file my_file_27.cif (mmCIF, C-alpha atoms and all ligand atoms)
data_final
#
loop_
_atom_site.label_atom_id
_atom_site.label_comp_id
_atom_site.auth_asym_id
_atom_site.auth_seq_id
_atom_site.Cartn_x
_atom_site.Cartn_y
_atom_site.Cartn_z
CA MET A 25 -9.50 -19.86 21.43
CA ARG A 26 -8.73 -16.22 22.12
CA PHE A 27 -5.55 -14.48 20.91
CA ASN A 28 -3.35 -15.05 23.98
CA THR A 29 -4.37 -18.71 24.15
CA LYS A 30 -3.72 -19.31 20.45
CA SER A 31 -0.28 -17.73 20.71
CA ILE A 32 0.69 -20.30 23.37
CA HIS A 33 -1.12 -23.40 22.08
CA VAL A 34 -1.70 -23.47 18.31
CA GLY A 35 0.82 -25.79 16.62
CA GLN A 36 2.35 -26.47 20.04
CA GLU A 37 1.03 -29.80 21.33
CA PRO A 38 3.44 -31.57 23.73
CA GLU A 39 6.03 -33.53 21.75
CA GLU A 40 4.94 -37.17 21.15
CA LYS A 41 8.05 -39.09 22.24
CA THR A 42 8.98 -37.24 25.45
CA GLY A 43 6.05 -35.00 26.36
CA ALA A 44 8.27 -31.89 26.10
CA VAL A 45 5.89 -28.94 26.41
CA VAL A 46 8.00 -26.78 24.14
CA VAL A 47 8.27 -27.54 20.41
CA PRO A 48 11.83 -28.88 19.89
CA ILE A 49 14.33 -27.25 17.55
CA PHE A 50 14.56 -29.76 14.71
CA GLN A 51 18.03 -28.60 13.73
CA THR A 52 18.38 -30.89 10.74
CA SER A 53 18.80 -30.27 7.03
CA THR A 54 17.39 -33.63 5.93
CA TYR A 55 15.34 -36.66 7.05
CA ALA A 56 16.08 -40.39 6.71
CA GLN A 57 13.61 -42.14 4.42
CA PRO A 58 12.55 -45.76 5.05
CA GLU A 59 12.35 -46.55 1.33
CA VAL A 60 12.96 -44.76 -1.94
CA GLY A 61 9.92 -42.62 -2.63
CA GLN A 62 8.61 -42.82 0.97
CA HIS A 63 9.14 -40.40 3.82
CA LYS A 64 7.64 -39.48 7.19
CA GLY A 65 6.28 -36.10 6.14
CA HIS A 66 9.56 -34.25 5.64
CA GLU A 67 12.26 -34.64 3.00
CA TYR A 68 14.53 -31.61 3.19
CA THR A 69 14.44 -28.54 5.47
CA ARG A 70 14.23 -25.98 2.67
CA THR A 71 10.91 -27.65 1.80
CA SER A 72 9.61 -28.23 5.33
CA ASN A 73 10.77 -28.49 8.93
CA PRO A 74 8.68 -29.40 12.01
CA THR A 75 9.79 -26.35 14.04
CA ARG A 76 9.05 -23.99 11.17
CA ASP A 77 5.72 -25.75 10.54
CA ALA A 78 4.67 -25.24 14.18
CA TYR A 79 5.56 -21.57 14.02
CA GLN A 80 3.80 -21.06 10.67
CA GLU A 81 0.64 -22.72 12.01
CA CYS A 82 0.64 -20.49 15.09
CA ILE A 83 1.21 -17.19 13.29
CA ALA A 84 -1.39 -18.11 10.65
CA SER A 85 -3.97 -18.61 13.40
CA LEU A 86 -3.13 -15.21 14.96
CA GLU A 87 -3.73 -13.45 11.62
CA ASN A 88 -6.94 -15.50 11.05
CA ALA A 89 -5.20 -17.01 8.02
CA GLU A 90 -5.32 -20.51 6.59
CA GLU A 91 -1.65 -20.50 5.67
CA ALA A 92 1.60 -18.77 6.60
CA TYR A 93 5.06 -19.00 5.05
CA ALA A 94 8.18 -17.99 6.98
CA PHE A 95 11.24 -16.40 5.41
CA GLY A 96 14.75 -15.47 6.48
CA SER A 97 13.90 -11.76 6.78
CA GLY A 98 11.10 -9.29 6.12
CA MET A 99 12.85 -8.34 2.87
CA ALA A 100 13.01 -12.01 1.82
CA ALA A 101 9.24 -12.22 2.41
CA ILE A 102 8.56 -9.10 0.32
CA SER A 103 10.96 -10.24 -2.43
CA THR A 104 9.25 -13.63 -2.60
CA ILE A 105 5.85 -11.91 -2.96
CA MET A 106 7.26 -9.92 -5.89
CA THR A 107 8.06 -13.15 -7.74
CA LEU A 108 4.31 -13.85 -7.98
CA PHE A 109 4.24 -11.12 -10.65
CA LYS A 110 5.80 -10.83 -14.08
CA ALA A 111 7.38 -8.20 -16.31
CA GLY A 112 4.77 -5.65 -17.41
CA ASP A 113 2.69 -5.97 -14.24
CA HIS A 114 1.93 -2.75 -12.39
CA ILE A 115 2.13 -2.38 -8.60
CA ILE A 116 0.75 0.52 -6.56
CA SER A 117 2.79 1.06 -3.40
CA GLY A 118 2.31 3.42 -0.50
CA ASP A 119 4.61 6.44 -0.81
CA ASP A 120 5.85 6.17 2.78
CA VAL A 121 7.21 2.65 3.23
CA TYR A 122 10.29 1.22 4.95
CA GLY A 123 13.41 2.46 3.08
CA GLY A 124 14.49 -1.13 2.32
CA THR A 125 11.10 -1.89 0.76
CA PHE A 126 11.36 1.14 -1.52
CA ARG A 127 14.97 0.15 -2.33
CA VAL A 128 14.13 -3.42 -3.39
CA PHE A 129 11.21 -2.16 -5.53
CA ASP A 130 13.21 0.65 -7.12
CA LYS A 131 16.65 -0.91 -7.47
CA ILE A 132 15.85 -4.57 -8.11
CA PHE A 133 12.28 -5.41 -9.16
CA LYS A 134 11.92 -2.36 -11.42
CA ASP A 135 14.80 -3.82 -13.47
CA PHE A 136 12.86 -7.09 -13.79
CA GLY A 137 10.10 -5.15 -15.57
CA LEU A 138 7.68 -4.54 -12.69
CA ASP A 139 6.26 -1.04 -12.83
CA PHE A 140 5.70 0.82 -9.55
CA THR A 141 3.56 3.87 -8.78
CA TYR A 142 3.89 5.43 -5.32
CA VAL A 143 0.80 7.08 -3.87
CA ASP A 144 -0.42 8.45 -0.57
CA THR A 145 -2.68 5.56 0.40
CA THR A 146 -4.38 7.55 3.21
CA ASP A 147 -6.81 8.61 0.47
CA PRO A 148 -8.38 5.50 -1.15
CA LYS A 149 -9.42 7.69 -4.12
CA ARG A 150 -5.75 8.20 -5.02
CA VAL A 151 -5.30 4.44 -5.05
CA ALA A 152 -8.33 4.06 -7.35
CA GLU A 153 -6.98 6.80 -9.65
CA ALA A 154 -3.60 5.06 -9.96
CA VAL A 155 -5.14 1.76 -11.12
CA ARG A 156 -4.34 0.69 -14.69
CA PRO A 157 -5.39 -2.39 -16.68
CA GLU A 158 -2.01 -4.01 -15.79
CA THR A 159 -2.30 -3.31 -12.05
CA LYS A 160 -1.91 -6.57 -10.11
CA LEU A 161 -1.06 -5.51 -6.54
CA VAL A 162 -1.62 -2.70 -4.06
CA TRP A 163 1.03 -2.73 -1.35
CA LEU A 164 0.59 -0.75 1.82
CA GLU A 165 1.95 -0.19 5.25
CA THR A 166 -0.50 1.10 7.83
CA PRO A 167 0.73 2.72 9.99
CA THR A 168 3.53 3.73 7.62
CA ASN A 169 7.21 3.70 8.50
CA PRO A 170 8.16 6.28 9.71
CA MET A 171 5.36 8.87 9.36
CA LEU A 172 2.71 6.62 11.01
CA LYS A 173 0.06 7.49 8.41
CA ILE A 174 -3.10 5.37 8.61
CA SER A 175 -4.84 3.95 5.52
CA ASP A 176 -8.35 2.53 5.30
CA ILE A 177 -7.76 -1.18 4.62
CA ARG A 178 -11.47 -1.93 4.00
CA ALA A 179 -11.89 0.93 1.50
CA ILE A 180 -8.72 -0.01 -0.41
CA ALA A 181 -9.76 -3.69 -0.39
CA ALA A 182 -13.01 -2.60 -2.06
CA VAL A 183 -11.04 -0.77 -4.79
CA CYS A 184 -8.97 -3.93 -5.38
CA GLN A 185 -11.84 -6.43 -5.30
CA ASP A 186 -13.72 -4.71 -8.10
CA LYS A 187 -10.72 -5.08 -10.35
CA ASP A 188 -9.11 -8.40 -9.41
CA ILE A 189 -6.10 -6.73 -7.86
CA PHE A 190 -4.38 -8.27 -4.83
CA LEU A 191 -4.09 -6.20 -1.67
CA GLY A 192 -0.96 -6.86 0.40
CA VAL A 193 -0.54 -5.22 3.80
CA ASP A 194 2.74 -4.94 5.67
CA ASN A 195 1.39 -5.27 9.22
CA THR A 196 4.78 -5.01 10.96
CA PHE A 197 4.02 -1.89 13.02
CA MET A 198 0.73 -3.19 14.45
CA SER A 199 1.29 -6.95 14.81
CA PRO A 200 -1.76 -9.23 14.62
CA PHE A 201 -2.63 -8.28 18.20
CA ASN A 202 -3.46 -4.73 17.14
CA GLN A 203 -4.73 -5.27 13.58
CA ARG A 204 -5.74 -8.17 11.34
CA PRO A 205 -5.82 -6.99 7.70
CA LEU A 206 -7.18 -10.29 6.26
CA ASP A 207 -10.38 -9.73 8.27
CA LEU A 208 -10.66 -6.32 6.59
CA GLY A 209 -10.36 -7.68 3.04
CA ALA A 210 -6.60 -7.93 2.36
CA ASP A 211 -5.33 -10.94 0.37
CA MET A 212 -1.89 -11.14 1.96
CA VAL A 213 -0.47 -9.86 5.21
CA MET A 214 3.27 -9.64 5.66
CA HIS A 215 5.46 -8.98 8.71
CA SER A 216 9.04 -8.28 9.41
CA THR A 217 8.97 -10.73 12.34
CA THR A 218 12.30 -9.22 13.37
CA LYS A 219 10.13 -6.64 15.14
CA TYR A 220 7.15 -7.18 17.49
CA ILE A 221 6.56 -10.84 16.64
CA GLY A 222 10.09 -11.97 17.59
CA GLY A 223 9.97 -9.20 20.14
CA HIS A 224 13.45 -9.47 21.67
CA SER A 225 15.79 -8.04 19.01
CA ASP A 226 17.55 -11.39 18.73
CA VAL A 227 16.28 -12.82 15.45
CA VAL A 228 15.65 -11.62 11.88
CA GLY A 229 12.67 -13.01 9.94
CA GLY A 230 9.64 -12.40 7.76
CA VAL A 231 6.30 -14.06 7.16
CA VAL A 232 3.41 -13.92 4.69
CA CYS A 233 -0.09 -15.07 5.70
CA THR A 234 -3.02 -15.61 3.34
CA ASN A 235 -6.48 -17.12 2.97
CA ASN A 236 -6.26 -17.17 -0.82
CA LYS A 237 -5.55 -20.79 -1.88
CA SER A 238 -3.93 -19.91 -5.19
CA VAL A 239 -1.69 -17.26 -3.58
CA GLY A 240 -0.83 -19.75 -0.83
CA GLU A 241 0.17 -22.42 -3.36
CA LYS A 242 2.36 -19.96 -5.24
CA LEU A 243 4.01 -18.73 -2.05
CA LYS A 244 4.69 -22.27 -0.88
CA PHE A 245 6.22 -23.14 -4.23
CA ALA A 246 8.33 -19.96 -4.25
CA GLN A 247 9.43 -20.47 -0.63
CA ASN A 248 10.90 -23.84 -1.59
CA ALA A 249 12.01 -23.01 -5.13
CA MET A 250 13.73 -19.72 -4.25
CA GLY A 251 14.81 -20.91 -0.84
CA ALA A 252 14.69 -17.71 1.23
CA VAL A 253 13.41 -19.81 4.15
CA MET A 254 13.60 -19.25 7.89
CA GLY A 255 15.91 -21.74 9.62
CA PRO A 256 14.78 -24.02 12.49
CA PHE A 257 16.44 -22.12 15.35
CA ASP A 258 15.14 -18.77 14.11
CA ALA A 259 11.65 -20.29 13.81
CA TRP A 260 11.94 -21.58 17.39
CA LEU A 261 13.01 -18.18 18.74
CA THR A 262 10.19 -16.46 16.85
CA LEU A 263 7.63 -19.00 18.10
CA ARG A 264 8.85 -18.32 21.63
CA GLY A 265 8.37 -14.60 20.98
CA LEU A 266 4.79 -15.20 19.84
CA LYS A 267 3.81 -16.65 23.23
CA THR A 268 4.04 -13.21 24.87
CA LEU A 269 3.02 -11.06 21.88
CA GLY A 270 -0.33 -10.03 23.39
CA LEU A 271 1.19 -9.16 26.77
CA ARG A 272 3.98 -7.18 25.20
CA MET A 273 1.74 -5.28 22.76
CA GLU A 274 -0.54 -4.14 25.58
CA ARG A 275 2.42 -2.66 27.45
CA HIS A 276 4.02 -1.22 24.29
CA GLY A 277 0.72 0.57 23.62
CA GLN A 278 0.33 1.89 27.17
CA ASN A 279 3.94 3.10 27.30
CA ALA A 280 3.78 4.70 23.84
CA MET A 281 0.63 6.60 24.80
CA ALA A 282 2.26 7.90 27.99
CA VAL A 283 5.45 8.86 26.11
CA ALA A 284 3.40 10.65 23.41
CA LYS A 285 1.45 12.62 26.03
CA PHE A 286 4.67 13.60 27.80
CA LEU A 287 6.32 14.73 24.55
CA VAL A 288 3.29 16.80 23.45
CA GLU A 289 3.80 18.98 26.53
CA HIS A 290 7.57 19.38 26.10
CA PRO A 291 8.81 22.71 24.64
CA ALA A 292 11.76 21.06 22.84
CA VAL A 293 9.34 18.97 20.77
CA GLU A 294 7.61 20.62 17.83
CA GLU A 295 5.36 17.77 16.71
CA VAL A 296 4.36 14.36 18.09
CA ILE A 297 2.95 11.76 15.72
CA TYR A 298 1.15 8.87 17.43
CA PRO A 299 -2.07 7.33 16.09
CA GLY A 300 -3.35 7.01 19.66
CA LEU A 301 -3.48 10.80 20.09
CA PRO A 302 -6.99 12.15 19.34
CA ASP A 303 -5.61 14.83 17.00
CA HIS A 304 -3.77 12.29 14.76
CA PRO A 305 -5.59 12.38 11.37
CA GLY A 306 -5.93 8.57 11.39
CA HIS A 307 -7.01 8.22 15.04
CA GLU A 308 -10.72 7.49 14.44
CA LEU A 309 -9.98 5.17 11.52
CA GLN A 310 -7.44 3.19 13.55
CA LYS A 311 -9.98 2.86 16.36
CA GLN A 312 -12.39 1.28 13.85
CA GLN A 313 -10.02 -1.03 12.01
CA GLY A 314 -7.73 -2.11 14.84
CA HIS A 315 -7.47 -2.91 18.52
CA GLY A 316 -4.84 -0.44 19.73
CA PHE A 317 -2.26 1.96 18.41
CA GLY A 318 1.07 0.16 18.79
CA GLY A 319 4.38 1.22 20.26
CA MET A 320 5.82 3.55 17.61
CA VAL A 321 5.99 7.30 18.17
CA SER A 322 7.60 9.75 15.73
CA ILE A 323 8.64 13.28 16.71
CA ARG A 324 9.91 16.46 15.15
CA LEU A 325 12.25 18.27 17.49
CA ALA A 326 12.39 22.04 17.76
CA THR A 327 16.04 22.01 16.68
CA ASP A 328 18.38 21.39 13.73
CA LEU A 329 20.36 18.32 12.61
CA ALA A 330 23.06 18.89 15.24
CA GLY A 331 20.42 19.11 17.97
CA ALA A 332 18.64 15.97 16.75
CA LYS A 333 21.96 14.09 16.69
CA LYS A 334 22.70 15.30 20.21
CA PHE A 335 19.29 14.07 21.41
CA CYS A 336 19.80 10.65 19.76
CA ALA A 337 23.22 10.27 21.37
CA SER A 338 22.00 11.38 24.83
CA THR A 339 19.33 8.81 25.68
CA LYS A 340 20.55 5.97 27.86
CA LEU A 341 17.63 3.52 27.93
CA PHE A 342 16.49 4.26 24.37
CA PHE A 343 19.37 2.72 22.40
CA LEU A 344 20.27 4.48 19.16
CA ALA A 345 19.73 1.64 16.70
CA GLU A 346 17.88 0.61 13.56
CA SER A 347 14.92 -1.75 13.98
CA LEU A 348 11.98 -1.62 16.38
CA GLY A 349 9.48 -3.74 18.25
CA GLY A 350 11.78 -5.32 20.84
CA VAL A 351 11.25 -5.21 24.59
CA GLU A 352 13.99 -2.58 24.84
CA SER A 353 13.29 0.97 23.70
CA LEU A 354 15.11 2.16 20.58
CA LEU A 355 15.33 5.39 18.68
CA GLU A 356 16.71 6.29 15.28
CA HIS A 357 17.12 9.14 12.80
CA PRO A 358 15.23 8.02 9.63
CA ALA A 359 16.81 10.57 7.23
CA ILE A 360 20.31 9.22 7.97
CA MET A 361 19.49 5.67 9.00
CA THR A 362 16.45 3.58 7.93
CA HIS A 363 15.30 5.82 5.06
CA ALA A 364 18.63 6.99 3.64
CA SER A 365 17.84 5.10 0.40
CA VAL A 366 14.72 7.23 -0.17
CA PRO A 367 15.67 10.17 -2.49
CA GLU A 368 16.14 13.47 -0.64
CA ASP A 369 13.29 15.29 -2.43
CA VAL A 370 10.87 12.43 -1.61
CA ARG A 371 12.00 12.49 2.02
CA ALA A 372 11.40 16.24 2.16
CA GLU A 373 7.94 15.82 0.67
CA LEU A 374 7.06 13.13 3.21
CA GLY A 375 8.36 15.22 6.12
CA ILE A 376 11.39 13.06 6.98
CA SER A 377 13.44 16.11 7.96
CA ASP A 378 16.74 16.53 9.84
CA SER A 379 14.91 17.08 13.14
CA PHE A 380 12.70 14.01 12.71
CA VAL A 381 13.28 11.10 15.11
CA ARG A 382 11.47 7.75 15.41
CA LEU A 383 10.98 6.08 18.80
CA SER A 384 10.22 2.41 19.38
CA VAL A 385 8.81 2.50 22.89
CA GLY A 386 9.71 -0.67 24.78
CA VAL A 387 8.18 -2.34 27.81
CA GLU A 388 10.49 -0.95 30.50
CA HIS A 389 8.93 0.94 33.44
CA ILE A 390 7.28 4.05 32.03
CA ASP A 391 8.76 6.40 34.67
CA ASP A 392 12.30 5.37 33.67
CA LEU A 393 11.53 5.91 29.98
CA ILE A 394 10.13 9.38 30.57
CA SER A 395 13.09 10.38 32.79
CA ASP A 396 15.44 9.21 30.04
CA LEU A 397 13.66 11.28 27.36
CA GLU A 398 13.51 14.28 29.68
CA GLN A 399 17.26 14.30 30.32
CA ALA A 400 18.05 13.78 26.60
CA LEU A 401 15.73 16.64 25.56
CA GLY A 402 17.47 18.77 28.17
CA ALA A 403 20.84 17.93 26.58
CA ILE A 404 19.87 19.45 23.20
CA GLY A 405 20.73 22.88 24.57
O1 LIG A 501 14.60 -6.06 8.35
P1 LIG A 501 13.70 -7.09 7.77
O2 LIG A 501 13.30 -8.17 8.71
O3 LIG A 501 14.21 -7.64 6.46
O4 LIG A 501 12.30 -6.36 7.44
C1 LIG A 501 12.16 -5.31 6.53
C2 LIG A 501 11.01 -4.43 6.92
C3 LIG A 501 9.79 -4.57 6.26
N1 LIG A 501 8.72 -3.82 6.58
C4 LIG A 501 8.79 -2.90 7.57
C5 LIG A 501 7.58 -2.07 7.90
C6 LIG A 501 9.98 -2.71 8.29
O5 LIG A 501 9.99 -1.80 9.26
C7 LIG A 501 11.12 -3.49 7.95
C8 LIG A 501 12.41 -3.31 8.65
N2 LIG A 501 12.55 -2.07 9.29
C9 LIG A 501 13.64 -1.64 9.97
C10 LIG A 501 14.78 -2.33 10.10
C11 LIG A 501 13.48 -0.30 10.58
O6 LIG A 501 14.29 0.09 11.46
O7 LIG A 501 12.53 0.41 10.21
#

call {"tool": "encode", "arguments": {"input": "my_file_27.cif", "output": "structure tokens"}}
result
Amino acid sequence: MRFNTKSIHVGQEPEEKTGAVVVPIFQTSTYAQPEVGQHKGHEYTRTSNPTRDAYQECIASLENAEEAYAFGSGMAAISTIMTLFKAGDHIISGDDVYGGTFRVFDKIFKDFGLDFTYVDTTDPKRVAEAVRPETKLVWLETPTNPMLKISDIRAIAAVCQDKDIFLGVDNTFMSPFNQRPLDLGADMVMHSTTKYIGGHSDVVGGVVCTNNKSVGEKLKFAQNAMGAVMGPFDAWLTLRGLKTLGLRMERHGQNAMAVAKFLVEHPAVEEVIYPGLPDHPGHELQKQQGHGFGGMVSIRLATDLAGAKKFCASTKLFFLAESLGGVESLLEHPAIMTHASVPEDVRAELGISDSFVRLSVGVEHIDDLISDLEQALGAIG
């Protein structure tokens, strides 16, 4: 089956009793057992639930994974991955990651004895140089949030394989439609499914997919033991989102490319960062390792903080909001919003300045989106 067929059919056979073509929401915490010690495949919803199982099977197939485990949020998924490691282990993380990811590493897991080194993963040599005997995991986002830097998954996987280090990729910005890191050598792929996978800004979730049996067993155990699971209704909404993932990603990509091209020409915009633009440093690499460039565009405005705030408050279709990946366009100011927990000097080094704005380009009609940006850029003054 091809991607768009899998997203509609895998794990989604008509229901046995009624023939319902949509997987039901098994909104139950527990399951009646015919006898002590016997059950019909499910005992308790923290451990397993038919709606969540259907969704996990479908998303696993889209990432070309054997197994997938769904969590209550992207951060719950990342936190559960961290529990696979122990005090003294060393983790190499990309230097430009979602602010909440940096925060949980720096403010929580560091105190549990995990040691983190942050490197610019766009150069695989820097990853290799940061490796120590205790290194157990390389964690990367590609494209990164919010600078949209591209890292070579294959090359970094090669660094890890030589040394028995796991490679985990946060694939949130690309979705499995645009990029499948397990095919490129990653051991785990994680998503904030709150974003493109759910796709409608109405549900928070996270998932981890893997082909590594021992990692899968540990994740399954931790999902149940720690209990940061996705509930049945959220799994149902996310499974519904998956059905149109391919269609949406195609339009997100087309719209983002058109928005990027429009912004490049606009005098109020100093810099446009979009991996689909030929002058993006990761453009050729992304062409090789993926199937599209996604819907995220970052810009540096030719103005100051007041001007950037004015722009963000002036768009009408692009809602000023955290998050991304929904059908509706959003924009946000990373320095004040999503990446406020990143120290100021690190933000400055990365280029997350006062005039830096991140756009999540939705699937509305492109002419309306461009008119909206045009009037908001005009309002900067
Ligand atoms: O919000 P949550 O579902 O817990 O996912 C966290 C997360 C993990 N990884 C990436 C790349 C992310 O972008 C996020 C969440 N990001 C936002 C809310 C944001 O606006 O960037």

call {"tool": "residues_around", "arguments": {"input": "my_file_27.cif", "residues": "Phe257 of chain A", "least_positions_apart": "3", "cutoff": "9 Å", "atoms": "only C-alpha atoms", "output": "list in words"}}
result
Ile49, Phe50, Gln51, Thr75, Arg76, Met254, Trp260, Leu261 and Thr262 of chain A

call {"tool": "residues_around", "arguments": {"input": "my_file_27.cif", "residues": "Cys82 of chain A", "least_positions_apart": "6", "cutoff": "12 Å", "atoms": "all atoms listed in the file", "output": "number ranges by chain"}}
result
A: 25, 27-37, 47, 75-76, 88-94, 200, 221, 231, 233, 259-260, 262-267, 269

call {"tool": "residues_near_ligand", "arguments": {"input": "my_file_27.cif", "ligand": "ligand LIG 501 (chain A)", "cutoff": "10 Å", "atoms": "all atoms listed in the file", "output": "CSV table (one decimal) with C-alpha atoms, in the coordinates of the input"}}
result
chain,number,residue,atom,x,y,z
A,95,PHE,CA,11.2,-16.4,5.4
A,96,GLY,CA,14.8,-15.5,6.5
A,97,SER,CA,13.9,-11.8,6.8
A,98,GLY,CA,11.1,-9.3,6.1
A,99,MET,CA,12.8,-8.3,2.9
A,100,ALA,CA,13.0,-12.0,1.8
A,101,ALA,CA,9.2,-12.2,2.4
A,102,ILE,CA,8.6,-9.1,0.3
A,103,SER,CA,11.0,-10.2,-2.4
A,120,ASP,CA,5.8,6.2,2.8
A,121,VAL,CA,7.2,2.6,3.2
A,122,TYR,CA,10.3,1.2,5.0
A,123,GLY,CA,13.4,2.5,3.1
A,124,GLY,CA,14.5,-1.1,2.3
A,125,THR,CA,11.1,-1.9,0.8
A,126,PHE,CA,11.4,1.1,-1.5
A,164,LEU,CA,0.6,-0.8,1.8
A,165,GLU,CA,2.0,-0.2,5.2
A,166,THR,CA,-0.5,1.1,7.8
A,167,PRO,CA,0.7,2.7,10.0
A,168,THR,CA,3.5,3.7,7.6
A,169,ASN,CA,7.2,3.7,8.5
A,170,PRO,CA,8.2,6.3,9.7
A,193,VAL,CA,-0.5,-5.2,3.8
A,194,ASP,CA,2.7,-4.9,5.7
A,195,ASN,CA,1.4,-5.3,9.2
A,196,THR,CA,4.8,-5.0,11.0
A,197,PHE,CA,4.0,-1.9,13.0
A,198,MET,CA,0.7,-3.2,14.4
A,214,MET,CA,3.3,-9.6,5.7
A,215,HIS,CA,5.5,-9.0,8.7
A,216,SER,CA,9.0,-8.3,9.4
A,217,THR,CA,9.0,-10.7,12.3
A,218,THR,CA,12.3,-9.2,13.4
A,219,LYS,CA,10.1,-6.6,15.1
A,227,VAL,CA,16.3,-12.8,15.4
A,228,VAL,CA,15.6,-11.6,11.9
A,229,GLY,CA,12.7,-13.0,9.9
A,230,GLY,CA,9.6,-12.4,7.8
A,231,VAL,CA,6.3,-14.1,7.2
A,345,ALA,CA,19.7,1.6,16.7
A,346,GLU,CA,17.9,0.6,13.6
A,347,SER,CA,14.9,-1.8,14.0
A,348,LEU,CA,12.0,-1.6,16.4
A,349,GLY,CA,9.5,-3.7,18.2
A,354,LEU,CA,15.1,2.2,20.6
A,355,LEU,CA,15.3,5.4,18.7
A,356,GLU,CA,16.7,6.3,15.3
A,357,HIS,CA,17.1,9.1,12.8
A,358,PRO,CA,15.2,8.0,9.6
A,361,MET,CA,19.5,5.7,9.0
A,362,THR,CA,16.4,3.6,7.9
A,363,HIS,CA,15.3,5.8,5.1
A,382,ARG,CA,11.5,7.8,15.4
A,384,SER,CA,10.2,2.4,19.4

call {"tool": "closest_residue", "arguments": {"input": "my_file_27.cif", "among": "A:His276, A:Thr71, A:Pro205, A:Gly118", "to": "Tyr55 of chain A", "atoms": "all atoms listed in the file"}}
result
A:Thr71

call {"tool": "axis_aligned_box", "arguments": {"input": "my_file_27.cif", "around": "segment 194-208 of chain A", "padding_each_side": "4 Å", "output": "lines of an AutoDock Vina configuration file"}}
result
center_x = -2.9
center_y = -6.1
center_z = 11.9
size_x = 23.4
size_y = 16.4
size_z = 20.5
